[in-house]
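Undergrad: Got target-v7.tsv for you, TSV, C-alpha atoms:
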chain	number	residue	atom	x	y	z
A	253	MET	CA	59.85	132.29	171.02
A	254	ARG	CA	60.40	128.58	170.50
A	255	PHE	CA	63.21	126.02	170.99
A	256	ILE	CA	63.85	123.69	168.04
A	257	HIS	CA	64.50	120.72	170.31
A	258	GLU	CA	60.90	120.81	171.45
A	259	ALA	CA	59.92	119.37	168.05
A	260	ASN	CA	60.87	115.69	168.26
A	261	THR	CA	58.96	114.33	165.24
A	262	ASP	CA	58.78	115.29	161.59
A	263	ALA	CA	55.17	116.40	162.02
A	264	GLN	CA	56.09	118.67	164.94
A	265	LYS	CA	58.98	120.16	162.94
A	266	LYS	CA	56.72	120.81	159.96
A	267	GLU	CA	54.20	122.61	162.16
A	268	LEU	CA	56.92	124.68	163.89
A	269	PHE	CA	58.53	125.70	160.59
A	270	ALA	CA	55.19	126.80	159.21
A	271	LYS	CA	54.67	129.09	162.21
A	272	VAL	CA	58.16	130.60	161.73
A	273	ARG	CA	57.47	131.29	158.05
A	274	SER	CA	54.14	132.91	158.86
A	275	GLY	CA	55.66	135.12	161.59
A	276	GLU	CA	53.70	133.53	164.45
A	277	VAL	CA	57.05	132.41	165.92
A	278	ARG	CA	59.43	135.41	165.94
A	279	VAL	CA	62.52	133.83	167.58
A	280	LEU	CA	63.77	130.27	167.05
A	281	LEU	CA	66.62	128.84	169.13
A	282	GLY	CA	68.58	125.70	168.25
A	283	SER	CA	71.88	123.96	167.54
A	284	THR	CA	73.49	123.68	164.13
A	285	PRO	CA	72.85	119.90	163.68
A	286	LYS	CA	69.22	120.30	164.65
A	287	MET	CA	68.55	123.51	162.76
A	288	GLY	CA	70.97	123.16	159.82
A	289	ALA	CA	70.27	121.49	156.46
A	290	GLY	CA	66.56	120.99	155.82
A	291	THR	CA	65.38	123.92	157.94
A	292	ASN	CA	63.48	125.99	155.35
A	293	VAL	CA	62.17	128.93	157.40
A	294	GLN	CA	63.84	131.80	155.55
A	295	ASP	CA	60.69	133.76	154.56
A	296	ARG	CA	60.72	136.31	157.41
A	297	LEU	CA	64.19	135.87	158.94
A	298	ILE	CA	65.93	139.23	159.40
A	299	ALA	CA	68.91	138.30	161.61
A	300	ILE	CA	70.95	135.35	162.85
A	301	HIS	CA	72.86	135.37	166.13
A	302	ASN	CA	75.84	132.99	166.42
A	303	CYS	CA	76.30	132.45	170.15
A	304	ASP	CA	79.22	130.07	169.80
A	305	CYS	CA	81.89	128.98	167.29
A	306	PRO	CA	81.41	125.52	165.71
A	307	TRP	CA	84.23	123.07	164.94
A	308	ARG	CA	83.77	123.10	161.17
A	309	PRO	CA	83.63	125.96	158.64
A	310	SER	CA	80.70	124.18	156.95
A	311	ASP	CA	78.64	124.61	160.14
A	312	LEU	CA	78.94	128.38	159.84
A	313	GLU	CA	77.86	128.13	156.20
A	314	GLN	CA	74.85	126.06	157.22
A	315	ARG	CA	73.84	128.68	159.76
A	316	LEU	CA	74.08	131.51	157.21
A	317	GLY	CA	72.19	129.39	154.71
A	318	ARG	CA	69.07	129.53	156.87
A	319	LEU	CA	68.41	133.17	155.95
A	320	GLU	CA	70.77	134.03	153.04
A	321	ARG	CA	68.74	132.17	150.42
A	322	GLN	CA	65.92	132.55	147.90
A	323	GLY	CA	62.51	133.11	149.41
A	324	ASN	CA	63.62	135.65	152.04
A	325	MET	CA	61.49	138.78	151.71
A	326	PHE	CA	64.19	141.12	153.03
A	327	PRO	CA	66.83	142.61	150.65
A	328	GLU	CA	69.40	142.66	153.48
A	329	VAL	CA	69.86	140.52	156.60
A	330	GLU	CA	72.06	140.88	159.65
A	331	VAL	CA	74.62	138.38	160.98
A	332	TYR	CA	75.91	138.61	164.54
A	333	ARG	CA	78.79	136.64	166.06
A	334	TYR	CA	79.30	136.79	169.82
A	335	VAL	CA	82.78	136.25	171.30
A	336	THR	CA	84.26	136.92	174.71
A	337	GLU	CA	87.74	138.36	175.10
A	338	GLN	CA	90.45	136.26	176.70
A	339	THR	CA	88.41	133.01	176.41
A	340	PHE	CA	88.41	129.73	174.46
A	341	ASP	CA	86.55	131.51	171.65
A	342	ALA	CA	89.88	132.65	170.19
A	343	TYR	CA	91.13	129.05	169.93
A	344	LEU	CA	87.89	127.86	168.31
A	345	TYR	CA	88.00	130.53	165.61
A	346	GLN	CA	91.69	129.74	165.05
A	347	LEU	CA	90.78	126.11	164.30
A	348	VAL	CA	88.00	127.12	161.93
A	349	GLU	CA	90.36	129.57	160.25
A	350	GLY	CA	93.03	126.90	159.65
A	351	LYS	CA	90.51	124.50	158.13
A	352	GLN	CA	88.93	127.14	155.91
A	353	LYS	CA	92.25	128.30	154.42
A	354	PHE	CA	92.79	125.21	152.30
A	355	ILE	CA	89.14	124.32	151.75
A	356	SER	CA	88.45	127.61	149.97
A	357	GLN	CA	91.47	127.17	147.67
A	358	ILE	CA	90.26	123.78	146.48
A	359	MET	CA	86.53	124.47	146.32
A	360	THR	CA	86.80	127.36	143.87
A	361	SER	CA	85.49	128.19	140.40
A	362	LYS	CA	88.78	129.87	139.49
A	363	SER	CA	91.49	128.19	137.45
A	364	PRO	CA	93.55	125.69	139.47
A	365	VAL	CA	96.90	126.97	140.75
A	366	ARG	CA	100.19	125.14	141.15
A	367	SER	CA	100.59	126.24	144.79
A	368	ALA	CA	98.06	126.83	147.57
A	369	GLU	CA	98.07	130.22	149.24
A	370	ASP	CA	97.90	130.34	153.03
A	371	VAL	CA	95.16	132.98	153.31
A	372	ASP	CA	91.89	133.64	151.49
A	373	GLU	CA	89.08	136.13	151.89
A	374	VAL	CA	86.84	133.86	153.97
A	375	ALA	CA	89.70	132.81	156.24
A	376	LEU	CA	90.54	136.43	156.89
A	377	SER	CA	87.06	137.09	158.22
A	378	PHE	CA	87.57	134.31	160.75
A	379	ALA	CA	91.01	135.70	161.58
A	380	GLU	CA	89.43	139.07	162.27
A	381	VAL	CA	86.94	137.47	164.64
A	382	LYS	CA	89.80	135.72	166.41
A	383	MET	CA	91.61	139.06	166.72
A	384	LEU	CA	88.48	140.64	168.24
A	385	ALA	CA	88.23	137.75	170.71
A	386	THR	CA	91.79	138.31	171.91
A	387	GLY	CA	91.32	142.06	172.14
A	388	ASP	CA	94.75	142.78	170.66
A	389	GLU	CA	95.24	143.96	167.06
A	390	ARG	CA	98.91	142.99	167.22
A	391	PHE	CA	97.80	139.36	167.19
A	392	LYS	CA	96.58	139.72	163.60
A	393	GLU	CA	99.84	141.40	162.58
A	394	LYS	CA	101.83	138.55	164.14
A	395	MET	CA	99.62	136.02	162.40
A	396	ASP	CA	100.22	137.68	159.01
A	397	LEU	CA	103.97	137.73	159.59
A	398	ASP	CA	103.99	134.08	160.64
A	399	MET	CA	102.21	133.15	157.43
A	400	GLN	CA	104.68	135.12	155.32
A	401	VAL	CA	107.62	133.45	157.06
A	402	ALA	CA	106.07	129.99	156.54
A	403	LYS	CA	105.51	130.74	152.86
A	404	LEU	CA	109.11	131.89	152.41
A	405	LYS	CA	110.35	128.69	154.08
A	406	VAL	CA	108.32	126.61	151.65
A	407	LEU	CA	109.67	128.61	148.70
A	408	LYS	CA	113.23	128.16	149.98
A	409	GLN	CA	112.78	124.42	150.32
A	410	SER	CA	111.29	124.24	146.82
A	411	TYR	CA	114.23	126.21	145.43
A	412	LEU	CA	116.81	123.99	147.13
A	413	SER	CA	115.04	120.83	145.98
A	414	GLU	CA	114.97	122.03	142.37
A	415	HIS	CA	118.58	123.18	142.63
A	416	TYR	CA	119.77	119.77	143.86
A	417	ASP	CA	117.73	118.04	141.16
A	418	LEU	CA	119.39	120.14	138.45
A	419	GLU	CA	122.82	119.37	139.91
A	420	ASP	CA	122.08	115.64	139.72
A	421	ARG	CA	120.92	116.00	136.13
A	422	ILE	CA	124.02	117.95	135.08
A	423	LEU	CA	126.50	115.67	136.87
A	424	LYS	CA	124.89	112.27	136.32
A	425	HIS	CA	121.89	112.12	134.00
A	426	TYR	CA	122.85	114.41	131.13
A	427	PRO	CA	126.40	112.99	130.57
A	428	GLN	CA	124.97	109.47	130.46
A	429	GLU	CA	122.19	110.54	128.11
A	430	ILE	CA	124.69	112.30	125.84
A	431	LYS	CA	126.82	109.15	125.75
A	432	GLU	CA	123.81	107.00	124.87
A	433	TYR	CA	122.78	109.36	122.06
A	434	GLU	CA	126.34	109.39	120.69
A	435	GLU	CA	126.41	105.59	120.67
A	436	ARG	CA	123.01	105.54	119.01
A	437	ILE	CA	124.21	107.94	116.31
A	438	ILE	CA	127.16	105.65	115.62
A	439	GLY	CA	124.81	102.67	115.49
A	440	TYR	CA	122.46	104.44	113.10
A	441	GLY	CA	125.43	105.35	110.91
A	442	ASN	CA	126.53	101.72	110.76
A	443	ASP	CA	122.98	100.66	109.97
A	444	ALA	CA	122.81	103.21	107.18
A	445	LYS	CA	126.02	101.83	105.63
A	446	ILE	CA	124.69	98.28	105.76
A	447	ALA	CA	121.35	99.39	104.33
A	448	SER	CA	123.10	101.21	101.47
A	449	GLN	CA	124.89	97.95	100.58
A	450	HIS	CA	121.59	96.09	100.36
A	451	MET	CA	119.41	98.42	98.35
A	452	PRO	CA	116.27	97.02	96.66
A	453	GLN	CA	116.91	96.00	93.08
A	454	GLY	CA	114.81	95.33	90.00
A	455	GLU	CA	111.18	96.09	89.34
A	456	ASP	CA	110.05	94.29	92.51
A	457	LYS	CA	112.43	96.39	94.66
A	458	PHE	CA	113.72	93.15	96.17
A	459	CYS	CA	116.81	92.98	98.39
A	460	PRO	CA	119.09	90.02	97.62
A	461	MET	CA	118.65	87.15	100.09
A	462	THR	CA	121.21	84.50	101.02
A	463	LEU	CA	119.76	81.05	101.80
A	464	ASN	CA	121.91	77.98	102.43
A	465	GLY	CA	124.96	79.85	101.15
A	466	VAL	CA	123.36	80.87	97.84
A	467	THR	CA	122.45	84.50	97.11
A	468	TYR	CA	119.12	85.02	95.31
A	469	LYS	CA	118.51	88.29	93.52
A	470	GLU	CA	115.07	87.46	92.19
A	471	LYS	CA	112.10	87.54	94.55
A	472	ALA	CA	110.41	84.47	93.07
A	473	ASP	CA	113.56	82.34	93.33
A	474	ALA	CA	114.16	83.40	96.94
A	475	GLY	CA	110.53	82.71	97.85
A	476	GLY	CA	110.64	79.24	96.31
A	477	MET	CA	113.81	78.33	98.19
A	478	LEU	CA	112.41	79.75	101.44
A	479	LEU	CA	109.30	77.56	101.13
A	480	ALA	CA	111.48	74.54	100.37
A	481	ILE	CA	113.50	75.19	103.53
A	482	CYS	CA	110.29	75.50	105.55
A	483	LYS	CA	109.10	72.14	104.22
A	484	GLU	CA	112.38	70.55	105.23
A	485	ASN	CA	112.22	72.14	108.69
A	486	PRO	CA	108.57	72.25	109.78
A	487	LEU	CA	107.62	73.54	113.20
A	488	SER	CA	107.55	70.48	115.46
A	489	GLN	CA	106.04	72.50	118.29
A	490	ALA	CA	103.09	73.45	116.07
A	491	ALA	CA	102.57	69.82	115.04
A	492	GLU	CA	102.48	68.56	118.62
A	493	GLY	CA	100.39	71.47	119.97
A	494	SER	CA	96.69	71.73	120.62
A	495	PHE	CA	96.09	74.08	117.67
A	496	ASN	CA	96.95	71.37	115.13
A	497	LYS	CA	93.57	69.97	114.08
A	498	LYS	CA	94.53	68.42	110.71
A	499	TYR	CA	97.78	66.46	111.05
A	500	PRO	CA	99.26	63.83	113.42
A	501	HIS	CA	100.46	65.18	116.78
A	502	GLU	CA	104.07	64.10	116.35
A	503	PRO	CA	107.37	65.83	115.53
A	504	ASN	CA	107.35	67.13	111.95
A	505	GLY	CA	103.78	65.90	111.58
A	506	ILE	CA	102.52	68.97	109.67
A	507	LYS	CA	103.36	68.85	105.96
A	508	ASP	CA	101.71	72.15	104.95
A	509	PRO	CA	104.16	75.03	105.65
A	510	GLU	CA	101.45	77.72	105.78
A	511	TYR	CA	99.30	75.70	108.18
A	512	SER	CA	102.39	74.96	110.27
A	513	ILE	CA	103.11	78.70	110.55
A	514	GLU	CA	99.46	79.42	111.42
A	515	CYS	CA	99.52	76.87	114.25
A	516	GLY	CA	102.91	78.11	115.41
A	517	VAL	CA	101.62	81.68	115.72
A	518	GLN	CA	98.73	80.45	117.88
A	519	GLU	CA	101.11	78.43	120.06
A	520	LEU	CA	103.39	81.44	120.53
A	521	LYS	CA	100.40	83.65	121.42
A	522	ALA	CA	99.29	81.13	124.03
A	523	ALA	CA	102.81	81.03	125.49
A	524	LEU	CA	102.97	84.84	125.73
A	525	VAL	CA	99.60	84.92	127.50
A	526	SER	CA	100.60	82.13	129.89
A	527	ALA	CA	103.87	83.92	130.72
A	528	GLU	CA	101.87	87.14	131.40
A	529	VAL	CA	103.98	89.26	129.05
A	530	GLU	CA	102.91	92.88	129.55
A	531	ASN	CA	104.69	94.72	126.72
A	532	PRO	CA	107.28	94.27	123.91
A	533	ILE	CA	110.19	95.05	126.27
A	534	ASP	CA	109.11	92.74	129.10
A	535	MET	CA	112.21	90.69	128.33
A	536	GLU	CA	112.22	88.29	131.29
A	537	ARG	CA	108.65	87.12	130.62
A	538	ILE	CA	109.33	87.02	126.87
A	539	LYS	CA	112.22	84.63	127.55
A	540	LEU	CA	109.89	82.52	129.70
A	541	ALA	CA	107.32	82.45	126.88
A	542	LEU	CA	109.92	81.54	124.24
A	543	GLN	CA	111.35	78.72	126.31
A	544	GLY	CA	107.80	77.53	127.01
A	545	TYR	CA	107.04	77.65	123.30
A	546	ASN	CA	110.02	75.36	122.70
A	547	PHE	CA	109.47	73.00	125.64
A	548	GLY	CA	105.68	73.18	125.76
A	549	ASN	CA	103.58	75.37	128.05
A	550	GLY	CA	104.05	72.95	130.92
A	551	TYR	CA	107.48	74.52	131.43
A	552	ILE	CA	105.97	77.98	132.02
A	553	SER	CA	103.82	76.95	134.98
A	554	TRP	CA	106.65	74.77	136.33
A	555	ALA	CA	109.21	77.61	136.16
A	556	LYS	CA	106.81	80.16	137.72
A	557	THR	CA	105.89	77.80	140.56
A	558	ASN	CA	109.40	76.61	141.41
A	559	TYR	CA	111.59	79.58	140.48
A	560	GLY	CA	109.29	82.55	139.88
A	561	GLY	CA	110.21	82.77	136.19
A	562	TYR	CA	112.78	81.92	133.54
A	563	SER	CA	116.48	81.27	133.93
A	564	TYR	CA	118.92	79.32	131.82
A	565	ALA	CA	119.68	77.08	134.78
A	566	ASN	CA	116.08	76.00	135.31
A	567	ALA	CA	115.66	75.51	131.54
A	568	VAL	CA	118.55	73.03	131.65
A	569	GLU	CA	117.01	71.36	134.71
A	570	PHE	CA	113.61	71.02	133.04
A	571	SER	CA	115.18	69.67	129.82
A	572	ALA	CA	117.13	67.02	131.74
A	573	MET	CA	114.07	66.07	133.80
A	574	GLN	CA	111.87	65.66	130.72
A	575	ALA	CA	114.55	63.75	128.77
A	576	GLN	CA	114.91	61.29	131.67
A	577	ARG	CA	111.13	60.89	132.00
A	578	LEU	CA	110.65	60.23	128.28
A	579	GLY	CA	113.84	58.17	127.83
A	580	TRP	CA	115.20	60.61	125.28
A	581	GLU	CA	118.79	61.67	124.83
A	582	LYS	CA	117.79	65.33	124.67
A	583	TYR	CA	114.63	67.37	125.23
A	584	GLY	CA	114.11	70.71	123.50
A	585	ASP	CA	116.61	73.51	123.00
A	586	THR	CA	117.84	75.17	126.20
A	587	GLN	CA	119.32	77.97	124.08
A	588	TYR	CA	116.05	78.73	122.31
A	589	PRO	CA	115.43	82.23	123.82
A	590	ALA	CA	118.94	83.34	122.83
A	591	HIS	CA	118.49	81.99	119.30
A	592	VAL	CA	115.22	83.87	118.83
A	593	LEU	CA	116.17	87.14	120.55
A	594	ARG	CA	119.12	87.65	118.22
A	595	TYR	CA	116.49	88.60	115.61
A	596	TYR	CA	114.25	90.55	118.00
A	597	PRO	CA	114.62	94.34	117.57
A	598	TYR	CA	114.34	95.18	121.27
A	599	GLY	CA	117.20	92.82	122.07
A	600	ARG	CA	119.57	94.10	119.40
A	601	ALA	CA	122.33	96.63	119.95
A	602	PHE	CA	121.31	98.96	117.15
A	603	THR	CA	118.07	99.85	118.95
A	604	SER	CA	119.65	101.02	122.19
A	605	GLY	CA	123.34	101.51	121.47
A	606	GLY	CA	126.39	99.64	122.74
A	607	ASN	CA	126.58	95.87	123.12
A	608	GLN	CA	123.12	95.34	124.63
A	609	ALA	CA	122.36	92.33	122.42
A	610	ILE	CA	125.47	90.49	123.63
A	611	VAL	CA	124.57	91.34	127.21
A	612	GLU	CA	121.05	89.96	126.72
A	613	VAL	CA	122.42	86.67	125.40
A	614	ALA	CA	125.00	86.50	128.19
A	615	LEU	CA	122.32	86.98	130.83
A	616	THR	CA	120.46	83.92	129.55
A	617	GLN	CA	123.50	81.84	130.51
A	618	LEU	CA	123.40	82.60	134.23
A	619	GLY	CA	123.72	79.33	136.13
A	620	ASN	CA	125.68	77.50	133.45
A	621	GLU	CA	128.25	75.12	134.93
A	622	GLY	CA	131.11	73.55	132.98
A	623	GLY	CA	131.39	76.15	130.22
A	624	GLN	CA	129.55	74.03	127.64
A	625	PRO	CA	128.83	74.76	124.78
A	626	TYR	CA	131.30	77.68	124.68
A	627	TRP	CA	134.60	75.78	124.47
A	628	SER	CA	133.27	73.06	122.15
A	629	TRP	CA	131.79	75.70	119.83
A	630	TYR	CA	135.17	77.43	119.76
A	631	GLY	CA	136.79	74.19	118.59
A	632	PHE	CA	138.36	72.74	121.76
A	633	GLU	CA	137.90	69.06	122.60
A	634	GLY	CA	137.86	69.66	126.34
A	635	ARG	CA	136.99	72.41	128.78
A	636	VAL	CA	139.17	75.52	128.47
A	637	GLU	CA	138.88	78.40	130.95
A	638	TRP	CA	139.24	81.21	128.42
A	639	CYS	CA	136.81	84.13	128.47
A	640	ALA	CA	137.12	84.65	124.72
A	641	CYS	CA	135.19	81.41	124.19
A	642	PHE	CA	132.17	82.74	126.03
A	643	ALA	CA	132.32	86.28	124.60
A	644	SER	CA	132.71	84.99	121.04
A	645	TRP	CA	129.88	82.50	121.46
A	646	CYS	CA	127.58	85.28	122.67
A	647	ALA	CA	128.58	87.48	119.72
A	648	ASP	CA	127.84	84.61	117.34
A	649	GLN	CA	124.38	84.13	118.88
A	650	CYS	CA	123.69	87.80	118.09
A	651	GLY	CA	124.73	87.33	114.47
A	652	TYR	CA	127.70	89.66	114.81
A	653	LEU	CA	130.39	87.24	113.63
A	654	GLU	CA	128.44	86.37	110.50
A	655	SER	CA	127.80	90.03	109.71
Turn the structure described in the file into structure tokens.
TA:
Amino acid sequence: MRFIHEANTDAQKKELFAKVRSGEVRVLLGSTPKMGAGTNVQDRLIAIHNCDCPWRPSDLEQRLGRLERQGNMFPEVEVYRYVTEQTFDAYLYQLVEGKQKFISQIMTSKSPVRSAEDVDEVALSFAEVKMLATGDERFKEKMDLDMQVAKLKVLKQSYLSEHYDLEDRILKHYPQEIKEYEERIIGYGNDAKIASQHMPQGEDKFCPMTLNGVTYKEKADAGGMLLAICKENPLSQAAEGSFNKKYPHEPNGIKDPEYSIECGVQELKAALVSAEVENPIDMERIKLALQGYNFGNGYISWAKTNYGGYSYANAVEFSAMQAQRLGWEKYGDTQYPAHVLRYYPYGRAFTSGGNQAIVEVALTQLGNEGGQPYWSWYGFEGRVEWCACFASWCADQCGYLES
């Protein structure tokens, strides 16, 4: 008979384990940490005696693993657990039982389940030991009933939660969703009517295009006029930007329309990256990028540092500041995001129903003081406090009045 704690070095442990495997040592005493993983002495072990209850279910598994493993010469082994009635043993096995319940449901080879049961086969064996420690079989019955009651409480709470969620959907979500789909159907119907009025014509399947008030039905004629307009209105931002390597860095410096477009695309890409646009519907950062494309990327870092992002008010402030610094009468276009977004699908009403495009344009005007350019656009010579000026101006920016 030997005590595992007598072996203090690896060499002493190796010698002791060899004697246990050979049968020279018939009884080996020790604690779970000292005689757990790494103790390969299973050859002649016939029984294990658990004198106490550990704190973790894995400790019991480690104990059993000393003899229930390959290399043991016996077809059957014996496992003994010793408990004392009316002692702390009952509490210890209760703790181990509670921990084992959920561990066994997760560490399983079976298909995952949507809900975790409160009892499993291994946990029941611990519960039985706890019952034996208390000396009263009614304790196990009470335990089973408590678990059933707890499970029913969880099911009731789940039912009520799902019931309330369905009520919210029926009273709030579904009516709103139905309304949005109805508006979208109307919008699609209007789009279909407009599309039917502009069907492709001729061999080229070309839709007529109106440029500078003249309608072109031939693709070649429309393309020629479109190039002529581009030459008359080159991209000044592209000319002054860092991607222009061929022409003077001055307004309207690029004379090649295709090269101007190529540089403009690169400038816009750089603005979108600088504004940290995450996706096609990240509208606030898209507005910041568009205004930065018009003003120059210096505006983007300035707006993020001083205001956290884009607003019409800080665009006006930046424009005035730059115009004063350069001695110009005007700097850039403070309405540039609104002008561009009127053509952007995610900002138009017919993609989401209702008057979303007008709302998007109106939101870009937050911070405007004085009502300019609304009343002057409407035709008044001085400020007029009339809401129709603002609403009509927003509708015009969306292209609704023209259409």
Undergrad: Quick one: residues within 9 Å of A:Arg278, only C-alpha atoms counted, chain neighbours fewer than 2 positions away excluded, as a list of chain:residue names?
TA: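 With the cut-off at 9 Å, the set is A:Met253, A:Arg254, A:Lys271, A:Val272, A:Gly275, A:Glu276, A:Leu280, A:Arg296, A:Leu297.
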Undergrad: So which residues fall inside 12 Å of (119.1, 89.2, 103.8) if we count only C-alpha atoms? Mind giving them as an mmCIF file with C-alpha atoms, in the frame of the given file?
TA:
data_model
loop_
_atom_site.group_PDB
_atom_site.id
_atom_site.type_symbol
_atom_site.label_atom_id
_atom_site.label_comp_id
_atom_site.auth_asym_id
_atom_site.auth_seq_id
_atom_site.Cartn_x
_atom_site.Cartn_y
_atom_site.Cartn_z
ATOM 1 C CA ILE A 446 124.690 98.280 105.760
ATOM 2 C CA ALA A 447 121.350 99.390 104.330
ATOM 3 C CA GLN A 449 124.890 97.950 100.580
ATOM 4 C CA HIS A 450 121.590 96.090 100.360
ATOM 5 C CA MET A 451 119.410 98.420 98.350
ATOM 6 C CA PRO A 452 116.270 97.020 96.660
ATOM 7 C CA PHE A 458 113.720 93.150 96.170
ATOM 8 C CA CYS A 459 116.810 92.980 98.390
ATOM 9 C CA PRO A 460 119.090 90.020 97.620
ATOM 10 C CA MET A 461 118.650 87.150 100.090
ATOM 11 C CA THR A 462 121.210 84.500 101.020
ATOM 12 C CA LEU A 463 119.760 81.050 101.800
ATOM 13 C CA ASN A 464 121.910 77.980 102.430
ATOM 14 C CA GLY A 465 124.960 79.850 101.150
ATOM 15 C CA VAL A 466 123.360 80.870 97.840
ATOM 16 C CA THR A 467 122.450 84.500 97.110
ATOM 17 C CA TYR A 468 119.120 85.020 95.310
ATOM 18 C CA LYS A 469 118.510 88.290 93.520
ATOM 19 C CA LYS A 471 112.100 87.540 94.550
ATOM 20 C CA ALA A 474 114.160 83.400 96.940
ATOM 21 C CA LEU A 478 112.410 79.750 101.440
ATOM 22 C CA GLU A 654 128.440 86.370 110.500
ATOM 23 C CA SER A 655 127.800 90.030 109.710
#
Undergrad: Excluding same-chain residues fewer than 5 positions from A:Ile552, what lies within 7 Å of it counting only C-alpha atoms, as a list in words?
TA: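 Contacts, with the query itself left out: Ala527, Leu540, Ala541 and Gly544 of chain A.
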Undergrad: Those residues with C-alpha atoms, as a PDB file, in the coordinates of the input please?
TA:
ATOM      1  CA  ALA A 527     103.870  83.920 130.720  1.00  0.00           C
ATOM      2  CA  LEU A 540     109.890  82.520 129.700  1.00  0.00           C
ATOM      3  CA  ALA A 541     107.320  82.450 126.880  1.00  0.00           C
ATOM      4  CA  GLY A 544     107.800  77.530 127.010  1.00  0.00           C
TER       5      GLY A 544
END
Undergrad: Between A:Cys305, A:Cys639, A:Leu319, A:Ala402, which is the closest to A:Ala342 once you count all atoms listed in the file?
TA: A:Cys305
Undergrad: Using Å and a single decimal, report how far atom CA of A:Cys646 sits from atom CA of A:Ile610.
TA: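 That distance, rounded to one decimal, is 5.7 Å.
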Undergrad: Applying 10 Å and all atoms listed in the file, which residues near stretch 573-582 of chain A remain after dropping the ones on its own chain fewer than 4 positions away? List them as a VMD selection string.
TA: chain A and resid 547 551 567 to 569 586
Undergrad: List the neighbours of A:Glu536 out to 9 Å using only C-alpha atoms; skip same-chain residues closer than 5 positions along the sequence, and give me the result as a PyMOL selection string.
TA: chain A and resi 529+541+561-563
Undergrad: Enter the distance from atom CA of A:Val636 to atom CA of A:Gln617, in Å, rounded to one decimal.
TA: 17.0 Å
Undergrad: If I take atom CA of A:Lys521 and atom CA of A:Asn620, how far is one from the other in Å, to one decimal?
TA: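 A separation of 28.7 Å between them.
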Undergrad: Measuring atom to atom with all atoms listed in the file, identify which of A:Asn546, A:Ser274, A:Asn260, A:Asn324 is nearest to A:Ser571.
TA: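 Among the listed residues, A:Asn546 lies closest to A:Ser571.
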Undergrad: For stretch 589-592 of chain A, work out the shell of residues within 12 Å, counting only C-alpha atoms and skipping chain neighbours fewer than 2 positions away, then give it as a ChimeraX atom specification.
TA: /A:535-547,562-564,567,584-587,594-600,609-617,645-651
Undergrad: I'd like to know which of A:Leu407, A:Asp420, A:Tyr332, A:Glu519 is closest to A:Ser494, using only C-alpha atoms.
TA: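 Looking only at the distances to A:Ser494, the closest residue turns out to be A:Glu519.
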Undergrad: Considering only C-alpha atoms, can you say which of A:Gln453, A:Asn566, A:Gln428, A:Thr284 comes closest to A:Pro309?
TA: A:Thr284
Undergrad: Looking at A:Leu418, A:Ile533, A:Ala523, A:Leu347, which one is nearest to A:Gly550, with distances taken over only C-alpha atoms?
TA: A:Ala523
